[in-house]
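Chemist: I have a structure here, written as structure tokens, and I will follow up with some questions on it.
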Amino acid sequence: MEVLKEKVEEEEAAEREEAAERAERAKTEKTTRPGEPRKDESIMTQDMLRDLEKKMSEIVVPPVEESLTLTQDVIDTSNLPPSYKTNSTKEEHLLQVAQNYSHQYSHLCPDRVPLFLHPLNECDVPKFVSTTIRPTLMPYPELYNWDTCAQFVSDFLTMVLLPDPLKPPSHLYSSTTVLRYQKGNSFDFSTLLCSMLIGSGYDAYCVNGYGSQDLCHMDLSLEVCPLTMKPKETVKSKEKEPPKKYAIKPPRDLNSKFEQDQEFKKQQQLKREEQKRLQAEEEQLLERETGKPDPLYGLRVFCWVLVLSGKREVPESFFIDPFTGRSYSTQDDHFLGIESLWNHKNYWINMQDCWNCCKDLVFDLGDPVRWEYMLQGSEKHRLSVSEEEEETMNDDEDVEELGKEDDDKSFDMPSSWVMQIQIPPEAFETRCPSGKKVIQYKKAQVEKWAPYLNNNGLVCRLTVYQDTECTKVLEIKEWYQNREDMLELKYMNKVTGLYTDYFKPGHPQCLRVHSYKTMQPEMDRVMEFYESARVDGLIKREETPKTMTEYYSGRPDFLFYRHITFGPRVKKPTQCTAESNPRPMVKIMEYFHRNPAKPADEDVAERVFLITEERIQLRYHCRDDYITTSKREFLRRTEVDSKGNKVIMTPDMCISFEVEPMEHTKKLLYQYETMMKLKAEEKLSRHQAWESELEVLEILKLREEEDEAHTLTISIYDTKRNEKSKEYREAMERVIHEEHLRQVETQLDYLAPFLAQLPPGEKLTRWQAMRLKDECLNDFKQRLIDKANLIQARFEKETQELQKKQQWYQENQVTLTPEDEDLYLSYCSQAMFRIRILEQRLNRHKELAPLKYLALEEKLYKDPRLMELVKVYV
């Protein structure tokens, strides 16, 4: 690597010398012959000057932004624990082991770069890289799988480039500091991601190696956006039917096989030429996009995460780019070489040749020839061998270890010096720094927002462009969350002007998909519904200015298709809406599934109402052993003619074709009953079609209101955003406080009115205490008697009024109207209810009065002001 670096430096110095010589040569030519015009120079015209000025004005100079760096001056180290500022005895011992390990490596491999073993932390204390990893299982279910965990780290942190792209960083900060400031380089990203993956049960490692320029700079402008990739559709191969034994031979093919072969060769030649042309265009486009080759190719230092197969049912090892959260195969061309890798238990050096990038590397960490480990601990990777070799090796090891003494030279990795990784719920929900993140892909741009950051619930937007300069928009996709109208995705095609809204279950109108070009009624649109949430089983409704088509499923009448054709609307002098002036219906066509409860000749398969022609056409289902179906056509007439006479059913009003003629179907009575039934069904179908039009208008009106309001739903557990829940909680606390005050008020001193009669400050005597007790008991006894008398008086009053009413009814019973009798009965019912309640209250008062008297007497005996004076008489 050092040799390659020296060669690159020599080439750059040679290029600088040649540029300086060319500049000096041009300067001498200008000074020697200032008056001679050059042959290749031409006089600038006014048009050329205007074009030049226009081109210069179009050049936009981007503002110089300060690099987002996380330096030690920015980090506040005052509140960090002692483990960040000092090393324990075991950590000092580990650093000595690492230093010895580094010296041996430099002596054995002098042409390789120094190892990345113990960089400084935020307190300028050297820490071993393995102890910087803190395995942590996060309390969020979304971070349990590697893909969502990597995407969270990619969104949560902001990328910072390495100060020197050819060297690893001198500082490696803790994951807690990186999460606090939400900034870091590839080593910080990988350390945090590896800590979370190991905590989730994955066999993850941090890898120190070399990556491509796009990978190191997080340049996705040449990558295809994953949101634009369509999933591969699995095409099911049709099973070939076995040839029949007595099949009819196909007709002889009289076409010329020579001409067919020539035509096939011609088509193949055209295809090859088209493929060559497309390949050439792709190569030219790729050359324009990639531009100049990277002068530091293969030298840019980068850190990523390796996940080995085995744990968490990972079938194959793969790489994870910490900047983007995307997974790559270990054979990918973006990863150009590996120097070393580590986890929270050990450190390994790659001893394999990386001349072919990482494609030929074997990630068997138990093989000491390919991977040189640093610590010989108890938990060591085993060499991957076959079962037979493993058995023989175990036998040999048992024989060899019989005469060996136990010599424990292992050294276990000390525990991590980093505090436990914690992500507050607010930070986890915000995700991106400042709540927004923009990612530029090839012909696409992705924008992400935190939930509830936008008033309309927008969390992600994908903009697809036609050109690589991203000037012509093709389509836009917007994802929403927490919408009250259950809107989940909005798709906008800028070329065709088509809008498509996707909804989650729970919309008031059971909408699933709504495709439209304008929200004006009676225009082209398609509505799809959740049929399980609708009573009528409607799946889809397609509407055009002249037609409306509906698809159903699971209906009891077996209807699955209805097509309505509209005619031109009759113009009225006043301005009318589509609801008050519906479109006239010309034709209604309905299809039905087979009803097994009916015979096929009586089960309608197709029903057509020709409203303007006053005709009804029927087509029945076909029998299993027939190839034709029965048909009928009715000529619908009014029941009375112009003179008011009833119209009689005639044979010419029904034209039928029956596969199996029957006697009862030929009778006019049967035909008349069928036609009357069809008239009622036509009326019902027209009414249902009219309701469908009204429903479309209602949905359009509701969608306009929802788009204007775009109300968001807030969980009842979100106490910070849920204002209703907060107001309800405050109201409940206020009610509880008022109830407490009321209870305090009710617990008043029952001796206070009697103590007020005595002189203030005078000490009670025994005689006064007895008098106070007797007065309090007599007063309470009198109040109980008064309450009983009051209830008894109300009871007698209600009884007397009821008797008077009954006497009045007996006297005037003959002359009373039904209304008066109803009033009398109502009064009697209410009076009896009041009498019954008063009687129950009186009985209950008589039962509880003695108990209350005894309870008060006991309280008086136990009162501290009377207890010493009254106990003598107890």
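Every chain in the structure tokens has a letter given in the order shown (A, B, ...), and although residue numbers restart at 1 in each chain, ligands are simply numbered from 1 in the order shown.
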Quick one: DSSP alpha helix (DSSP H) residues in segment 390-540 of chain A, as an mmCIF file with N, CA and C atoms, in the first residue's frame?
Modeler:
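For reference, selection-v4.cif as written:
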data_model
loop_
_atom_site.group_PDB
_atom_site.id
_atom_site.type_symbol
_atom_site.label_atom_id
_atom_site.label_comp_id
_atom_site.auth_asym_id
_atom_site.auth_seq_id
_atom_site.Cartn_x
_atom_site.Cartn_y
_atom_site.Cartn_z
ATOM 1 N N GLU A 390 -13.327 -33.409 11.102
ATOM 2 C CA GLU A 390 -13.511 -32.975 12.480
ATOM 3 C C GLU A 390 -13.384 -34.149 13.443
ATOM 4 N N GLU A 391 -13.917 -35.321 13.070
ATOM 5 C CA GLU A 391 -13.819 -36.495 13.935
ATOM 6 C C GLU A 391 -12.371 -36.939 14.111
ATOM 7 N N THR A 392 -11.627 -36.968 12.982
ATOM 8 C CA THR A 392 -10.216 -37.379 13.079
ATOM 9 C C THR A 392 -9.406 -36.386 13.886
ATOM 10 N N MET A 393 -9.694 -35.071 13.700
ATOM 11 C CA MET A 393 -8.964 -34.054 14.456
ATOM 12 C C MET A 393 -9.266 -34.167 15.941
ATOM 13 N N ASN A 394 -10.506 -34.457 16.297
ATOM 14 C CA ASN A 394 -10.856 -34.604 17.710
ATOM 15 C C ASN A 394 -10.118 -35.789 18.336
ATOM 16 N N ASP A 395 -10.012 -36.876 17.584
ATOM 17 C CA ASP A 395 -9.285 -38.043 18.108
ATOM 18 C C ASP A 395 -7.814 -37.721 18.322
ATOM 19 N N ASP A 396 -7.219 -37.011 17.343
ATOM 20 C CA ASP A 396 -5.805 -36.653 17.474
ATOM 21 C C ASP A 396 -5.576 -35.703 18.644
ATOM 22 N N GLU A 397 -6.516 -34.761 18.812
ATOM 23 C CA GLU A 397 -6.364 -33.813 19.910
ATOM 24 C C GLU A 397 -6.469 -34.519 21.258
ATOM 25 N N ASP A 398 -7.365 -35.505 21.366
ATOM 26 C CA ASP A 398 -7.497 -36.233 22.623
ATOM 27 C C ASP A 398 -6.206 -36.982 22.964
ATOM 28 N N VAL A 399 -5.573 -37.557 21.943
ATOM 29 C CA VAL A 399 -4.328 -38.298 22.184
ATOM 30 C C VAL A 399 -3.207 -37.355 22.590
ATOM 31 N N GLU A 400 -3.165 -36.170 21.925
ATOM 32 C CA GLU A 400 -2.092 -35.231 22.217
ATOM 33 C C GLU A 400 -2.244 -34.586 23.582
ATOM 34 N N PRO A 425 -37.239 8.093 23.647
ATOM 35 C CA PRO A 425 -38.344 7.927 22.690
ATOM 36 C C PRO A 425 -38.521 9.115 21.763
ATOM 37 N N GLU A 426 -38.268 10.328 22.266
ATOM 38 C CA GLU A 426 -38.413 11.504 21.402
ATOM 39 C C GLU A 426 -37.379 11.485 20.280
ATOM 40 N N ALA A 427 -36.120 11.129 20.639
ATOM 41 C CA ALA A 427 -35.078 11.059 19.609
ATOM 42 C C ALA A 427 -35.325 9.920 18.638
ATOM 43 N N PHE A 428 -35.817 8.793 19.133
ATOM 44 C CA PHE A 428 -36.100 7.663 18.247
ATOM 45 C C PHE A 428 -37.211 8.013 17.262
ATOM 46 N N GLU A 429 -38.180 8.766 17.702
ATOM 47 C CA GLU A 429 -39.272 9.143 16.804
ATOM 48 C C GLU A 429 -38.829 10.195 15.801
ATOM 49 N N THR A 430 -37.945 11.109 16.230
ATOM 50 C CA THR A 430 -37.475 12.170 15.325
ATOM 51 C C THR A 430 -36.599 11.608 14.216
#
Chemist: Write out as a count of residues only the residues lying within 9 Å of segment 358-365 of chain A, counting only C-alpha atoms and excluding same-chain residues fewer than 3 positions away.
Modeler: 25
Chemist: Enumerate, in order of chain and increasing residue number, the residues of segment 629-703 of chain A with an atom no farther than 10 Å from segment 531-555 of chain A, each with its shortest atom pair and distance in Å to one decimal, counting only C-alpha atoms, as CSV.
Modeler:
residue,atom,partner,partner_atom,distance
A:Ala689,CA,A:Met548,CA,8.7
A:Ser692,CA,A:Met548,CA,9.0
A:Glu693,CA,A:Met548,CA,8.8
A:Val696,CA,A:Glu543,CA,9.3
Chemist: Give me the residues near Arg766 of chain A as a ChimeraX atom specification, where near means some atom within 9 Å (using only C-alpha atoms) and where sequence neighbours in that chain fewer than 5 positions away do not count.
Modeler: /A:771,866,868-870
Chemist: Name the residues in contact with Gln99 of chain A at a cut-off of 9 Å, using only C-alpha atoms, excluding same-chain residues fewer than 4 positions from it; report them as an MDAnalysis selection string.
Modeler: chainID A and resid 94:95 103:104 117:118
Chemist: Quick one, how far is atom CA of Phe411 of chain A from atom CA of Lys85 of chain A?
Modeler: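 A separation of 23.5 Å between them.
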Chemist: Residues near Gly457 of chain A, anyone? I mean within 7 Å using only C-alpha atoms, not counting same-chain ones fewer than 3 positions away, as a list in words.
Modeler: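 Counting only the stated atoms, we get Pro451, Tyr452, Asn454, Tyr480, Gln481, Asn482, Arg483 and Leu712 of chain A.
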Chemist: So how far away is atom CA of Asp603 of chain A from atom CA of Tyr670 of chain A, in Å?
Modeler: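 Between these atoms lies a distance of 15.4 Å.
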Chemist: Select, from A:Glu339, A:Glu263, A:Glu142, A:Asp76, the residue with the minimum atom-to-atom distance to Cys109 of chain A, counting only C-alpha atoms.
Modeler: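 Closest residue, counting only C-alpha atoms: A:Glu339.
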Chemist: I'd like the contact shell of Asp188 of chain A - 9 Å cut-off, only C-alpha atoms, skipping same-chain residues fewer than 2 positions apart - returned as JSON, numbers by chain.
Modeler: {"A": [172, 173, 174, 175, 178, 183, 184, 185, 186, 190, 191, 192, 193, 303]}
Chemist: Would you export the selected residues with N, CA and C atoms as a PDB file, in the first residue's frame, please?
Modeler:
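Once written, again-v3.pdb looks like this:
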ATOM      1  N   LEU A 172     -11.570   7.792  18.148  1.00  0.00           N
ATOM      2  CA  LEU A 172     -12.769   6.965  17.984  1.00  0.00           C
ATOM      3  C   LEU A 172     -13.662   7.220  19.187  1.00  0.00           C
ATOM      4  N   TYR A 173     -14.745   7.959  18.951  1.00  0.00           N
ATOM      5  CA  TYR A 173     -15.605   8.383  20.053  1.00  0.00           C
ATOM      6  C   TYR A 173     -16.562   7.266  20.452  1.00  0.00           C
ATOM      7  N   SER A 174     -17.062   7.385  21.673  1.00  0.00           N
ATOM      8  CA  SER A 174     -18.021   6.412  22.187  1.00  0.00           C
ATOM      9  C   SER A 174     -19.360   6.571  21.477  1.00  0.00           C
ATOM     10  N   SER A 175     -20.153   5.501  21.502  1.00  0.00           N
ATOM     11  CA  SER A 175     -21.456   5.543  20.841  1.00  0.00           C
ATOM     12  C   SER A 175     -22.402   6.518  21.533  1.00  0.00           C
ATOM     13  N   VAL A 178     -21.578   9.922  20.120  1.00  0.00           N
ATOM     14  CA  VAL A 178     -22.026  10.007  18.730  1.00  0.00           C
ATOM     15  C   VAL A 178     -23.544  10.182  18.668  1.00  0.00           C
ATOM     16  N   LYS A 183     -23.472  12.964  14.920  1.00  0.00           N
ATOM     17  CA  LYS A 183     -22.467  13.129  13.869  1.00  0.00           C
ATOM     18  C   LYS A 183     -21.417  12.051  14.040  1.00  0.00           C
ATOM     19  N   GLY A 184     -20.746  11.719  12.937  1.00  0.00           N
ATOM     20  CA  GLY A 184     -19.679  10.745  13.031  1.00  0.00           C
ATOM     21  C   GLY A 184     -19.175  10.327  11.666  1.00  0.00           C
ATOM     22  N   ASN A 185     -17.982   9.733  11.664  1.00  0.00           N
ATOM     23  CA  ASN A 185     -17.429   9.194  10.423  1.00  0.00           C
ATOM     24  C   ASN A 185     -17.816   7.736  10.296  1.00  0.00           C
ATOM     25  N   SER A 186     -17.236   7.057   9.313  1.00  0.00           N
ATOM     26  CA  SER A 186     -17.621   5.672   9.061  1.00  0.00           C
ATOM     27  C   SER A 186     -17.274   4.769  10.231  1.00  0.00           C
ATOM     28  N   SER A 190     -20.072   2.595  12.213  1.00  0.00           N
ATOM     29  CA  SER A 190     -19.942   1.143  12.296  1.00  0.00           C
ATOM     30  C   SER A 190     -19.895   0.664  13.741  1.00  0.00           C
ATOM     31  N   THR A 191     -19.239   1.421  14.620  1.00  0.00           N
ATOM     32  CA  THR A 191     -19.173   1.027  16.027  1.00  0.00           C
ATOM     33  C   THR A 191     -20.560   1.005  16.653  1.00  0.00           C
ATOM     34  N   LEU A 192     -21.355   2.041  16.379  1.00  0.00           N
ATOM     35  CA  LEU A 192     -22.720   2.087  16.915  1.00  0.00           C
ATOM     36  C   LEU A 192     -23.575   0.966  16.339  1.00  0.00           C
ATOM     37  N   LEU A 193     -23.511   0.768  15.033  1.00  0.00           N
ATOM     38  CA  LEU A 193     -24.325  -0.273  14.399  1.00  0.00           C
ATOM     39  C   LEU A 193     -23.907  -1.659  14.865  1.00  0.00           C
ATOM     40  N   CYS A 303     -14.692   2.165   6.887  1.00  0.00           N
ATOM     41  CA  CYS A 303     -15.080   1.177   7.892  1.00  0.00           C
ATOM     42  C   CYS A 303     -16.529   0.783   7.654  1.00  0.00           C
TER      43      CYS A 303
END
Chemist: Mind dumping a table of every segment 391-505 of chain A residue within 7 Å of segment 143-158 of chain A, with the nearest atom pair and its distance in Å to one decimal, using only C-alpha atoms, sorted by chain and rising number, as JSON lines?
Modeler:
{"residue": "A:Arg431", "atom": "CA", "partner": "A:Phe156", "partner_atom": "CA", "distance": 4.8}
{"residue": "A:Cys432", "atom": "CA", "partner": "A:Phe156", "partner_atom": "CA", "distance": 4.6}
{"residue": "A:Pro433", "atom": "CA", "partner": "A:Phe156", "partner_atom": "CA", "distance": 6.2}
Chemist: Restricting the output to N, CA, C and O atoms, write the selected residues as a tab-separated table (two decimals), in the first residue's frame.
Modeler:
chain	number	residue	atom	x	y	z
A	431	ARG	N	-35.83	10.56	14.52
A	431	ARG	CA	-34.97	9.88	13.56
A	431	ARG	C	-33.90	10.81	13.00
A	431	ARG	O	-32.80	10.89	13.50
A	432	CYS	N	-34.22	11.55	11.95
A	432	CYS	CA	-33.23	12.34	11.23
A	432	CYS	C	-32.83	13.57	12.05
A	432	CYS	O	-33.64	14.10	12.81
A	433	PRO	N	-31.59	14.06	11.91
A	433	PRO	CA	-31.21	15.31	12.56
A	433	PRO	C	-32.09	16.45	12.07
A	433	PRO	O	-32.32	16.61	10.88
Chemist: Can you check which parts of segment 674-778 of chain A lie within 10 Å of segment 581-589 of chain A? Per residue, the shortest pair of atoms and distance in Å to one decimal, counting only C-alpha atoms, sorted by chain and number, as a tab-separated table.
Modeler:
residue	atom	partner	partner_atom	distance
A:Glu682	CA	A:Ile588	CA	8.6
A:Ser685	CA	A:Ile588	CA	7.8
A:Arg686	CA	A:Met585	CA	7.8
A:Ala689	CA	A:Ile588	CA	8.8
A:Trp690	CA	A:Pro582	CA	7.7
A:Glu693	CA	A:Pro582	CA	8.1
A:Leu694	CA	A:Pro582	CA	9.1
Chemist: Could you jot down the atom CA of Leu790 of chain A to atom CA of Leu842 of chain A separation for me, Å, one decimal place?
Modeler: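 Computing it gives 9.4 Å between the two atoms.
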Chemist: Once DSSP has gone over the backbone, tell me which residues of segment 94-297 of chain A are in strand (DSSP E), as JSON, numbers by chain.
Modeler: {"A": [158, 159, 183, 184, 204, 205, 206, 207, 208, 209, 210, 211]}
Chemist: Keeping only N, CA and C atoms, write those residues as a short mmCIF file (atom, residue, chain, number, x, y, z; two decimals), in the first residue's frame.
Modeler:
data_model
loop_
_atom_site.label_atom_id
_atom_site.label_comp_id
_atom_site.auth_asym_id
_atom_site.auth_seq_id
_atom_site.Cartn_x
_atom_site.Cartn_y
_atom_site.Cartn_z
N THR A 158 -25.45 12.05 11.03
CA THR A 158 -25.00 12.84 9.89
C THR A 158 -23.56 12.45 9.56
N MET A 159 -23.29 12.22 8.28
CA MET A 159 -21.98 11.75 7.85
C MET A 159 -20.94 12.85 7.98
N LYS A 183 -23.47 12.96 14.92
CA LYS A 183 -22.47 13.13 13.87
C LYS A 183 -21.42 12.05 14.04
N GLY A 184 -20.75 11.72 12.94
CA GLY A 184 -19.68 10.75 13.03
C GLY A 184 -19.17 10.33 11.67
N ALA A 204 -21.75 -9.89 14.38
CA ALA A 204 -21.35 -8.71 13.63
C ALA A 204 -19.94 -8.28 14.01
N TYR A 205 -19.25 -7.63 13.04
CA TYR A 205 -17.87 -7.19 13.21
C TYR A 205 -17.69 -5.83 12.53
N CYS A 206 -16.81 -5.02 13.10
CA CYS A 206 -16.38 -3.79 12.44
C CYS A 206 -15.18 -4.12 11.55
N VAL A 207 -15.19 -3.61 10.33
CA VAL A 207 -14.16 -3.92 9.34
C VAL A 207 -13.42 -2.64 8.99
N ASN A 208 -12.10 -2.69 9.10
CA ASN A 208 -11.23 -1.59 8.67
C ASN A 208 -10.62 -1.98 7.34
N GLY A 209 -10.99 -1.26 6.28
CA GLY A 209 -10.50 -1.60 4.95
C GLY A 209 -10.51 -0.42 4.03
N TYR A 210 -10.70 -0.73 2.75
CA TYR A 210 -10.65 0.30 1.70
C TYR A 210 -11.92 0.19 0.85
N GLY A 211 -12.50 1.34 0.55
CA GLY A 211 -13.72 1.38 -0.24
C GLY A 211 -13.61 2.31 -1.42
#
